[in-house]
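> Sharing final_8.cif below, mmCIF, C-alpha atoms and all ligand atoms:
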```
data_query
#
loop_
_atom_site.label_atom_id
_atom_site.label_comp_id
_atom_site.auth_asym_id
_atom_site.auth_seq_id
_atom_site.Cartn_x
_atom_site.Cartn_y
_atom_site.Cartn_z
CA MET A 98 -4.45 12.24 9.33
CA PRO A 99 -7.21 14.84 8.84
CA ASP A 100 -9.84 14.45 6.16
CA GLY A 101 -9.72 16.46 2.99
CA PRO A 102 -9.11 15.88 -0.67
CA ILE A 103 -5.89 14.36 -1.93
CA ILE A 104 -4.05 16.98 -3.96
CA GLY A 105 -1.37 16.47 -6.58
CA ALA A 106 1.30 19.12 -7.11
CA ILE A 107 4.05 19.53 -9.68
CA GLU A 108 6.85 22.05 -9.79
CA ALA A 109 7.88 21.61 -13.41
CA GLY A 110 11.34 23.02 -13.97
CA GLY A 111 13.73 22.93 -16.88
CA THR A 112 16.04 20.44 -15.18
CA LYS A 113 13.72 18.56 -12.84
CA PHE A 114 10.09 17.96 -11.97
CA VAL A 115 9.20 17.89 -8.27
CA LEU A 116 6.06 15.78 -7.73
CA ALA A 117 4.08 15.65 -4.51
CA ILE A 118 0.75 14.47 -3.18
CA GLY A 119 -0.81 15.44 0.08
CA ARG A 120 -3.78 17.05 1.78
CA ALA A 121 -2.08 20.42 1.99
CA TYR A 122 1.28 22.01 1.26
CA ASN A 123 2.37 21.18 4.82
CA GLN A 124 0.78 17.72 4.85
CA ILE A 125 2.71 16.08 2.05
CA ILE A 126 2.25 12.32 1.95
CA ALA A 127 4.78 11.47 -0.73
CA GLN A 128 7.21 13.35 -2.89
CA THR A 129 9.69 12.52 -5.64
CA ILE A 130 11.93 14.19 -8.19
CA ILE A 131 12.26 13.15 -11.82
CA PRO A 132 14.61 14.64 -14.42
CA THR A 133 13.28 16.84 -17.22
CA THR A 134 14.31 14.95 -20.35
CA THR A 135 11.78 14.72 -23.19
CA PRO A 136 8.06 15.43 -22.77
CA ASP A 137 7.18 11.79 -23.49
CA GLU A 138 9.55 10.43 -20.88
CA THR A 139 9.02 13.00 -18.18
CA LEU A 140 5.23 13.29 -18.41
CA SER A 141 4.83 9.49 -18.61
CA ALA A 142 7.01 9.09 -15.53
CA ALA A 143 4.94 11.71 -13.70
CA ILE A 144 1.67 9.99 -14.61
CA SER A 145 2.84 6.57 -13.50
CA TRP A 146 4.11 7.99 -10.19
CA PHE A 147 0.76 9.69 -9.50
CA HIS A 148 -1.13 6.52 -10.48
CA GLY A 149 1.00 4.54 -8.04
CA GLN A 150 0.31 7.04 -5.25
CA SER A 151 -3.41 7.10 -6.07
CA ALA A 152 -3.61 3.33 -5.79
CA GLN A 153 -2.18 3.60 -2.30
CA TYR A 154 -3.75 6.78 -0.91
CA GLY A 155 -6.87 7.45 -2.98
CA LYS A 156 -7.92 9.35 -6.04
CA ILE A 157 -6.37 12.75 -6.67
CA SER A 158 -9.04 15.46 -6.55
CA ALA A 159 -7.06 18.15 -8.32
CA LEU A 160 -3.61 18.76 -9.73
CA GLY A 161 -1.65 22.02 -9.55
CA ILE A 162 1.30 22.72 -11.84
CA SER A 163 3.85 25.53 -11.56
CA CYS A 164 5.56 25.25 -14.93
CA PHE A 165 8.63 26.60 -16.71
CA GLY A 166 7.67 28.52 -19.79
CA PRO A 167 6.65 30.35 -21.74
CA VAL A 168 3.19 28.85 -21.29
CA GLU A 169 -0.34 29.49 -22.57
CA LEU A 170 -2.55 30.74 -19.72
CA ASP A 171 -5.58 32.00 -21.65
CA GLN A 172 -8.38 29.64 -20.54
CA SER A 173 -10.23 30.22 -23.81
CA ALA A 174 -7.23 29.41 -26.02
CA PRO A 175 -7.15 26.02 -27.77
CA LYS A 176 -3.72 25.41 -26.31
CA TRP A 177 -4.35 26.47 -22.72
CA GLY A 178 -1.95 24.60 -20.47
CA TYR A 179 0.73 24.12 -23.14
CA ILE A 180 4.37 25.11 -23.01
CA THR A 181 4.64 27.34 -26.08
CA GLN A 182 7.86 28.37 -27.87
CA THR A 183 10.67 27.60 -25.45
CA THR A 184 14.43 27.57 -25.91
CA LYS A 185 14.47 24.22 -24.06
CA PRO A 186 14.97 21.48 -26.69
CA HIS A 187 11.99 19.12 -27.31
CA TRP A 188 9.54 21.13 -25.17
CA SER A 189 8.10 23.69 -27.58
CA ASP A 190 4.38 23.26 -28.20
CA THR A 191 3.98 20.63 -25.47
CA ASP A 192 0.60 19.76 -24.02
CA VAL A 193 1.20 19.68 -20.26
CA ALA A 194 -1.90 20.56 -18.22
CA PRO A 195 -4.68 19.08 -20.42
CA TYR A 196 -2.63 15.91 -20.95
CA LEU A 197 -1.94 15.35 -17.25
CA GLY A 198 -5.50 16.30 -16.27
CA LYS A 199 -6.90 13.74 -18.68
CA ALA A 200 -4.50 11.03 -17.55
CA LEU A 201 -5.31 11.61 -13.87
CA GLY A 202 -9.00 12.39 -14.41
CA CYS A 203 -9.06 15.59 -12.37
CA PRO A 204 -9.19 19.39 -12.76
CA VAL A 205 -5.86 21.16 -13.18
CA GLY A 206 -4.62 24.52 -11.97
CA PHE A 207 -1.77 25.69 -14.16
CA ASP A 208 0.51 28.70 -14.11
CA THR A 209 4.11 29.81 -14.59
CA ASP A 210 6.82 28.71 -12.17
CA VAL A 211 7.19 32.24 -10.80
CA ASN A 212 3.44 32.78 -10.51
CA GLY A 213 3.35 29.50 -8.59
CA ALA A 214 6.12 30.75 -6.33
CA ILE A 215 4.43 34.08 -5.58
CA LEU A 216 1.14 32.29 -4.93
CA GLY A 217 2.89 29.99 -2.45
CA GLU A 218 4.48 32.95 -0.67
CA TYR A 219 1.15 34.82 -0.75
CA ALA A 220 -0.75 31.91 0.77
CA HIS A 221 1.76 30.76 3.37
CA GLY A 222 5.02 32.70 3.18
CA ALA A 223 6.50 36.18 3.11
CA ALA A 224 3.74 37.84 1.07
CA GLN A 225 0.59 36.98 3.05
CA GLY A 226 -2.11 39.51 2.29
CA CYS A 227 0.25 41.60 0.17
CA ASP A 228 0.40 42.81 -3.39
CA ALA A 229 3.72 41.20 -4.17
CA ILE A 230 6.23 40.04 -6.72
CA TYR A 231 8.48 36.98 -6.70
CA ILE A 232 11.70 37.26 -8.69
CA THR A 233 13.82 34.22 -9.41
CA VAL A 234 17.46 34.71 -10.37
CA GLY A 235 18.97 31.49 -11.62
CA THR A 236 19.41 29.91 -15.04
CA GLY A 237 17.13 32.70 -16.19
CA ILE A 238 15.45 35.66 -14.54
CA GLY A 239 11.68 35.68 -14.20
CA ALA A 240 9.07 37.21 -11.97
CA GLY A 241 5.45 36.64 -11.05
CA ALA A 242 3.06 39.19 -9.57
CA ILE A 243 -0.04 38.90 -7.42
CA VAL A 244 -2.44 41.84 -7.02
CA ASN A 245 -5.56 41.68 -4.84
CA GLY A 246 -5.00 37.92 -4.60
CA ALA A 247 -5.06 37.44 -8.37
CA LEU A 248 -2.04 36.33 -10.37
CA VAL A 249 -1.16 38.80 -13.12
CA HIS A 250 -1.42 37.30 -16.61
CA GLY A 251 -2.37 39.86 -19.25
CA ALA A 252 -2.05 38.87 -22.89
CA ALA A 253 0.39 36.08 -22.00
CA HIS A 254 2.31 36.56 -18.76
CA PRO A 255 4.85 39.13 -17.61
CA GLU A 256 8.49 38.61 -18.63
CA MET A 257 10.10 40.95 -16.14
CA GLY A 258 13.55 39.39 -16.55
CA HIS A 259 13.74 40.88 -20.04
CA ILE A 260 13.75 44.58 -19.16
CA TYR A 261 16.79 46.59 -20.27
CA PRO A 262 18.72 47.96 -17.30
CA ARG A 263 21.09 50.91 -17.52
CA ARG A 264 24.57 49.45 -18.04
CA HIS A 265 26.92 49.51 -15.07
CA LYS A 266 29.93 51.70 -15.85
CA GLU A 267 32.35 48.84 -15.14
CA ASP A 268 30.38 46.47 -17.34
CA MET A 269 30.16 48.23 -20.69
CA GLN A 270 31.89 45.61 -22.89
CA PHE A 271 29.96 42.40 -22.18
CA LYS A 272 27.37 41.81 -24.91
CA GLY A 273 24.97 39.79 -22.77
CA ILE A 274 23.71 36.29 -23.44
CA CYS A 275 19.96 36.54 -23.94
CA SER A 276 19.31 34.84 -27.27
CA PHE A 277 16.52 37.33 -27.98
CA HIS A 278 17.85 40.60 -26.53
CA GLY A 279 21.55 40.32 -25.74
CA ASP A 280 21.97 42.67 -22.79
CA CYS A 281 18.53 42.55 -21.19
CA LEU A 282 18.54 41.85 -17.43
CA GLU A 283 18.55 38.07 -17.94
CA GLY A 284 21.34 38.48 -20.49
CA LEU A 285 23.42 40.41 -17.93
CA ALA A 286 22.63 39.03 -14.47
CA SER A 287 21.42 35.42 -14.73
CA GLY A 288 23.65 32.56 -13.56
CA PRO A 289 24.85 31.74 -17.10
CA ALA A 290 25.58 35.46 -17.76
CA ILE A 291 27.75 35.60 -14.63
CA MET A 292 29.53 32.42 -15.70
CA ALA A 293 30.07 33.74 -19.26
CA ARG A 294 31.62 36.99 -17.99
CA TRP A 295 33.72 35.84 -15.04
CA GLY A 296 34.05 32.05 -15.44
CA ALA A 297 32.58 31.26 -12.01
CA SER A 298 29.32 31.49 -10.12
CA LEU A 299 28.81 34.61 -8.01
CA SER A 300 29.18 32.66 -4.77
CA ASP A 301 32.55 31.31 -5.96
CA LEU A 302 33.98 34.76 -6.71
CA PRO A 303 35.93 36.51 -3.90
CA ASN A 304 34.06 39.04 -1.76
CA ASN A 305 35.96 41.97 -3.23
CA HIS A 306 35.26 40.97 -6.85
CA GLU A 307 33.51 43.61 -8.96
CA ALA A 308 30.84 41.09 -10.00
CA HIS A 309 29.05 41.39 -6.64
CA GLY A 310 28.41 45.10 -7.03
CA ILE A 311 27.54 44.87 -10.71
CA ILE A 312 24.98 42.08 -10.30
CA ALA A 313 23.43 43.74 -7.24
CA ASP A 314 23.12 46.95 -9.25
CA TYR A 315 21.24 45.26 -12.10
CA LEU A 316 18.88 43.40 -9.75
CA ALA A 317 18.25 46.61 -7.82
CA GLN A 318 17.24 48.24 -11.09
CA LEU A 319 14.54 45.61 -11.53
CA CYS A 320 13.38 46.18 -7.94
CA ILE A 321 13.22 49.95 -8.33
CA THR A 322 11.37 49.55 -11.63
CA LEU A 323 8.84 47.30 -9.90
CA LEU A 324 8.42 49.80 -7.05
CA ALA A 325 7.71 52.45 -9.68
CA LEU A 326 5.28 50.33 -11.69
CA TYR A 327 3.40 48.29 -9.07
CA SER A 328 4.12 49.78 -5.64
CA PRO A 329 4.31 46.23 -4.26
CA GLN A 330 4.30 45.55 -0.53
CA ARG A 331 6.77 42.70 -0.98
CA ILE A 332 9.46 41.92 -3.51
CA ILE A 333 10.76 38.42 -2.86
CA LEU A 334 14.10 37.46 -4.37
CA GLY A 335 14.75 33.73 -4.77
CA GLY A 336 16.63 31.33 -7.06
CA GLY A 337 20.15 29.92 -7.13
CA VAL A 338 22.08 33.15 -7.72
CA MET A 339 20.37 34.77 -4.70
CA GLN A 340 22.03 32.15 -2.48
CA SER A 341 25.28 34.08 -2.90
CA ASP A 342 26.30 35.53 0.49
CA GLY A 343 25.48 39.19 0.90
CA LEU A 344 23.72 39.61 -2.44
CA LEU A 345 20.28 40.37 -0.98
CA GLU A 346 21.78 43.01 1.33
CA ASN A 347 23.72 44.52 -1.56
CA VAL A 348 20.56 44.69 -3.67
CA LYS A 349 18.68 46.39 -0.83
CA MET A 350 21.44 48.99 -0.41
CA LYS A 351 21.41 49.71 -4.14
CA VAL A 352 17.63 50.09 -4.10
CA GLU A 353 18.06 52.67 -1.34
CA ASP A 354 20.55 54.53 -3.53
CA TYR A 355 18.27 54.48 -6.56
CA SER A 356 15.19 55.43 -4.53
CA ASN A 357 17.00 58.40 -3.00
CA GLY A 358 14.20 58.72 -0.49
CA TYR A 359 11.47 58.94 -3.13
CA PHE A 360 9.67 55.61 -3.02
CA ALA A 361 7.42 54.78 -0.07
CA TYR A 362 8.49 51.34 0.98
CA ASP A 363 9.57 49.70 4.19
CA LYS A 364 13.16 48.85 3.36
CA ASP A 365 13.53 46.30 6.13
CA ARG A 366 10.46 44.28 5.19
CA TYR A 367 9.52 44.92 1.57
CA ILE A 368 12.53 43.37 -0.15
CA THR A 369 13.14 39.93 1.24
CA ALA A 370 14.13 36.30 0.70
CA PRO A 371 11.36 33.70 0.29
CA LEU A 372 10.02 32.60 3.67
CA LEU A 373 9.34 29.14 2.23
CA GLY A 374 12.93 28.73 1.01
CA ASN A 375 12.97 26.42 -2.00
CA LEU A 376 9.41 25.24 -1.32
CA SER A 377 7.63 28.34 -2.70
CA GLY A 378 6.97 26.67 -6.06
CA ILE A 379 5.56 23.37 -4.81
CA THR A 380 3.49 25.22 -2.18
CA GLY A 381 2.08 27.37 -4.98
CA ALA A 382 1.26 24.25 -6.97
CA PHE A 383 -0.89 23.02 -4.06
CA GLU A 384 -2.67 26.38 -4.04
CA LEU A 385 -3.22 26.22 -7.81
CA ALA A 386 -4.87 22.82 -7.34
CA LEU A 387 -7.12 24.16 -4.56
CA ARG A 388 -8.11 27.10 -6.78
CA ALA A 389 -8.93 24.63 -9.58
CA ILE A 390 -11.35 22.83 -7.25
CA THR A 391 -13.15 26.01 -6.19
CA ASP A 392 -13.17 27.65 -9.65
ZN ZN B 401 15.97 38.90 -22.92
#
```
Show me the file's structure as structure tokens.

Amino acid sequence: MPDGPIIGAIEAGGTKFVLAIGRAYNQIIAQTIIPTTTPDETLSAAISWFHGQSAQYGKISALGISCFGPVELDQSAPKWGYITQTTKPHWSDTDVAPYLGKALGCPVGFDTDVNGAILGEYAHGAAQGCDAIYITVGTGIGAGAIVNGALVHGAAHPEMGHIYPRRHKEDMQFKGICSFHGDCLEGLASGPAIMARWGASLSDLPNNHEAHGIIADYLAQLCITLLALYSPQRIILGGGVMQSDGLLENVKMKVEDYSNGYFAYDKDRYITAPLLGNLSGITGAFELALRAITD
């Protein structure tokens, strides 16, 4: 095995934490999955797993965490590295990054799950060298952006899943399920919104069901909005709902319709699935750790 620091990586999701150690994203030594229950339980389990790995393979030089949110990313804020006010029970105001960094005695790179995913795709996947955006469509809808190699934060971090799309003409009655906004994009097109409307996941609905066109339309509206705002060279669409057969192609066709020849983008390359599959997030966590070492 080549030399190099031992890196710890966590993809912290609302249902599970993926933990890994290795010398690089593609040189993982050990990996495990623990359920997301309460902060006490889950973070303690993570610490004891990393301690066990450290005892066997050596001290961890840095930890990277791609975390569900919302999270505090302002390095000068007293609660940098915390999960802030989340709808996930027990997890509001939870110290994640400082707590784990202290327990493992190493620097920590910390960012949102979607920023982690776009960083992974930027470093090793479909967005290498590109200004790019990663959109996840699953339990919620979120997106992370990278511009000139820097993750976009701003005052907090973007919440692109909460834009208000124009309502599809065959979908005027549904109120939407976002607890903050009702019929924002997440309220209309996330996995739970599809389930609330049609009683099944998109992939379980027949090919000729109206849901396929409606959901593709809403997601295309986010893509066209992003083309207008950022002119990205890649828009990567991942997450559970995107696994539905034909959805990506339907979204791309809708983007073509909305663009109507106006936006300069390479339609065959710019809107794509993640090259790293479901490993974008953990790959990004490795990169966050490496950036924490060099920062
Ligand atoms: Zn919303």
> Would you be able to write out as a VMD selection string which residues have an atom within 8 Å of (8.4, 21.0, -14.9) in the file's coordinates, counting only C-alpha atoms?
chain A and resid 107 to 115 133 162 to 165
> Compile the contact shell of Val205 of chain A as number ranges by chain: residues with an atom at most 6 Å away, counting only C-alpha atoms, same-chain residues fewer than 3 positions apart removed.
A: 159-161, 198, 389
> Please report the interatomic distance between atom CA of Ala361 of chain A and atom CA of Gly226 of chain A in Å with one decimal.
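Computed distance, atom CA of Ala361 of chain A to atom CA of Gly226 of chain A, equals 18.2 Å.
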> What gap, in Å, lies between atom CA of Thr322 of chain A and atom CA of Met257 of chain A?
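That distance, rounded to one decimal, is 9.8 Å.
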> Give me the residues near Glu283 of chain A as a ChimeraX atom specification, where near means some atom within 6 Å (using only C-alpha atoms) and where sequence neighbours in that chain fewer than 3 positions away do not count.
/A:237-238,258-259,286-287
> List all protein, DNA and RNA residues that have at least one atom no more than 7 Å from any atom of ligand ZN 401 (chain B), counting only C-alpha atoms and all ligand atoms, and write them as JSON, numbers by chain.
{"A": [258, 259, 275, 276, 277, 278, 279, 281, 282, 283, 284]}
> With all atoms listed in the file as the basis for distance, which of A:Ala174, A:Leu299, A:Leu201, A:Ile130 is at the shortest distance from Gly149 of chain A?
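Of A:Ala174, A:Leu299, A:Leu201, A:Ile130, the one nearest Gly149 of chain A is A:Leu201, counting all atoms listed in the file.
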> May I have the residues within 7 Å of Ala229 of chain A as an NGL selection string, using only C-alpha atoms and disregarding those fewer than 3 positions away in the same chain?
:A and (224 or 242-244 or 329-332)
> Have a look at atom CA of Gly222 of chain A and atom CA of Val249 of chain A and let me know their distance in Å, one decimal.
18.5 Å
> Mind checking which residues fall within 10 Å of segment 375-388 of chain A, counting only C-alpha atoms, ignoring those fewer than 3 positions away in the same chain, and posting them as a compact mmCIF listing (two decimals) with C-alpha atoms, in the frame of the given file?

```
# COMPACT_ATOMS: atom_id res chain seq x y z
CA PRO A 102 -9.11 15.88 -0.67
CA ILE A 104 -4.05 16.98 -3.96
CA GLY A 105 -1.37 16.47 -6.58
CA ALA A 106 1.30 19.12 -7.11
CA ILE A 107 4.05 19.53 -9.68
CA GLU A 108 6.85 22.05 -9.79
CA ALA A 109 7.88 21.61 -13.41
CA GLY A 110 11.34 23.02 -13.97
CA VAL A 115 9.20 17.89 -8.27
CA LEU A 116 6.06 15.78 -7.73
CA ALA A 117 4.08 15.65 -4.51
CA ILE A 118 0.75 14.47 -3.18
CA GLY A 119 -0.81 15.44 0.08
CA ARG A 120 -3.78 17.05 1.78
CA ALA A 121 -2.08 20.42 1.99
CA TYR A 122 1.28 22.01 1.26
CA ASN A 123 2.37 21.18 4.82
CA ILE A 125 2.71 16.08 2.05
CA SER A 158 -9.04 15.46 -6.55
CA ALA A 159 -7.06 18.15 -8.32
CA LEU A 160 -3.61 18.76 -9.73
CA GLY A 161 -1.65 22.02 -9.55
CA ILE A 162 1.30 22.72 -11.84
CA SER A 163 3.85 25.53 -11.56
CA CYS A 164 5.56 25.25 -14.93
CA CYS A 203 -9.06 15.59 -12.37
CA PRO A 204 -9.19 19.39 -12.76
CA VAL A 205 -5.86 21.16 -13.18
CA GLY A 206 -4.62 24.52 -11.97
CA PHE A 207 -1.77 25.69 -14.16
CA ASP A 208 0.51 28.70 -14.11
CA THR A 209 4.11 29.81 -14.59
CA ASP A 210 6.82 28.71 -12.17
CA VAL A 211 7.19 32.24 -10.80
CA ASN A 212 3.44 32.78 -10.51
CA GLY A 213 3.35 29.50 -8.59
CA ALA A 214 6.12 30.75 -6.33
CA ILE A 215 4.43 34.08 -5.58
CA LEU A 216 1.14 32.29 -4.93
CA GLY A 217 2.89 29.99 -2.45
CA GLU A 218 4.48 32.95 -0.67
CA TYR A 219 1.15 34.82 -0.75
CA ALA A 220 -0.75 31.91 0.77
CA HIS A 221 1.76 30.76 3.37
CA GLY A 222 5.02 32.70 3.18
CA ALA A 223 6.50 36.18 3.11
CA TYR A 231 8.48 36.98 -6.70
CA GLY A 335 14.75 33.73 -4.77
CA GLY A 336 16.63 31.33 -7.06
CA GLY A 337 20.15 29.92 -7.13
CA PRO A 371 11.36 33.70 0.29
CA LEU A 372 10.02 32.60 3.67
CA THR A 391 -13.15 26.01 -6.19
CA ASP A 392 -13.17 27.65 -9.65
```
> Measuring between only C-alpha atoms, which one of A:Ala325, A:Met269, A:Ala252, A:Ile312 shows the shortest distance to Ser173 of chain A?
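Looking only at the distances to Ser173 of chain A, the closest residue turns out to be A:Ala252.
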> Kindly indicate which residue among A:Thr181, A:Asp268, A:Gln172, A:Cys320 lies nearest to Gly251 of chain A, using only C-alpha atoms for the distances.
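Closest residue, counting only C-alpha atoms: A:Gln172.
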> Leaving out Thr369 of chain A and any residue of its chain fewer than 3 positions from it, which residues lie within 7 Å of it when counting only C-alpha atoms, given as number ranges by chain?
A: 332-334, 366
> If you keep C-alpha atoms, can you produce a file of those selected residues as a tab-separated table (two decimals), in the coordinates of the input?

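The resulting file, out-v7.tsv, is shown below:
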```tsv
chain	number	residue	atom	x	y	z
A	332	ILE	CA	9.46	41.92	-3.51
A	333	ILE	CA	10.76	38.42	-2.86
A	334	LEU	CA	14.10	37.46	-4.37
A	366	ARG	CA	10.46	44.28	5.19
```
> Within 8 Å of (11.3, 16.5, -25.3), all atoms listed in the file: residues as a list in words?
Thr134, Thr135, Pro136, Asp137, Glu138, Pro186, His187 and Trp188 of chain A
> Counting all atoms listed in the file, figure out which residue out of A:Phe360, A:Gln340, A:Glu346, A:Asp301 gets nearest to Leu324 of chain A.
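Of all the options, A:Phe360 lies closest to Leu324 of chain A.
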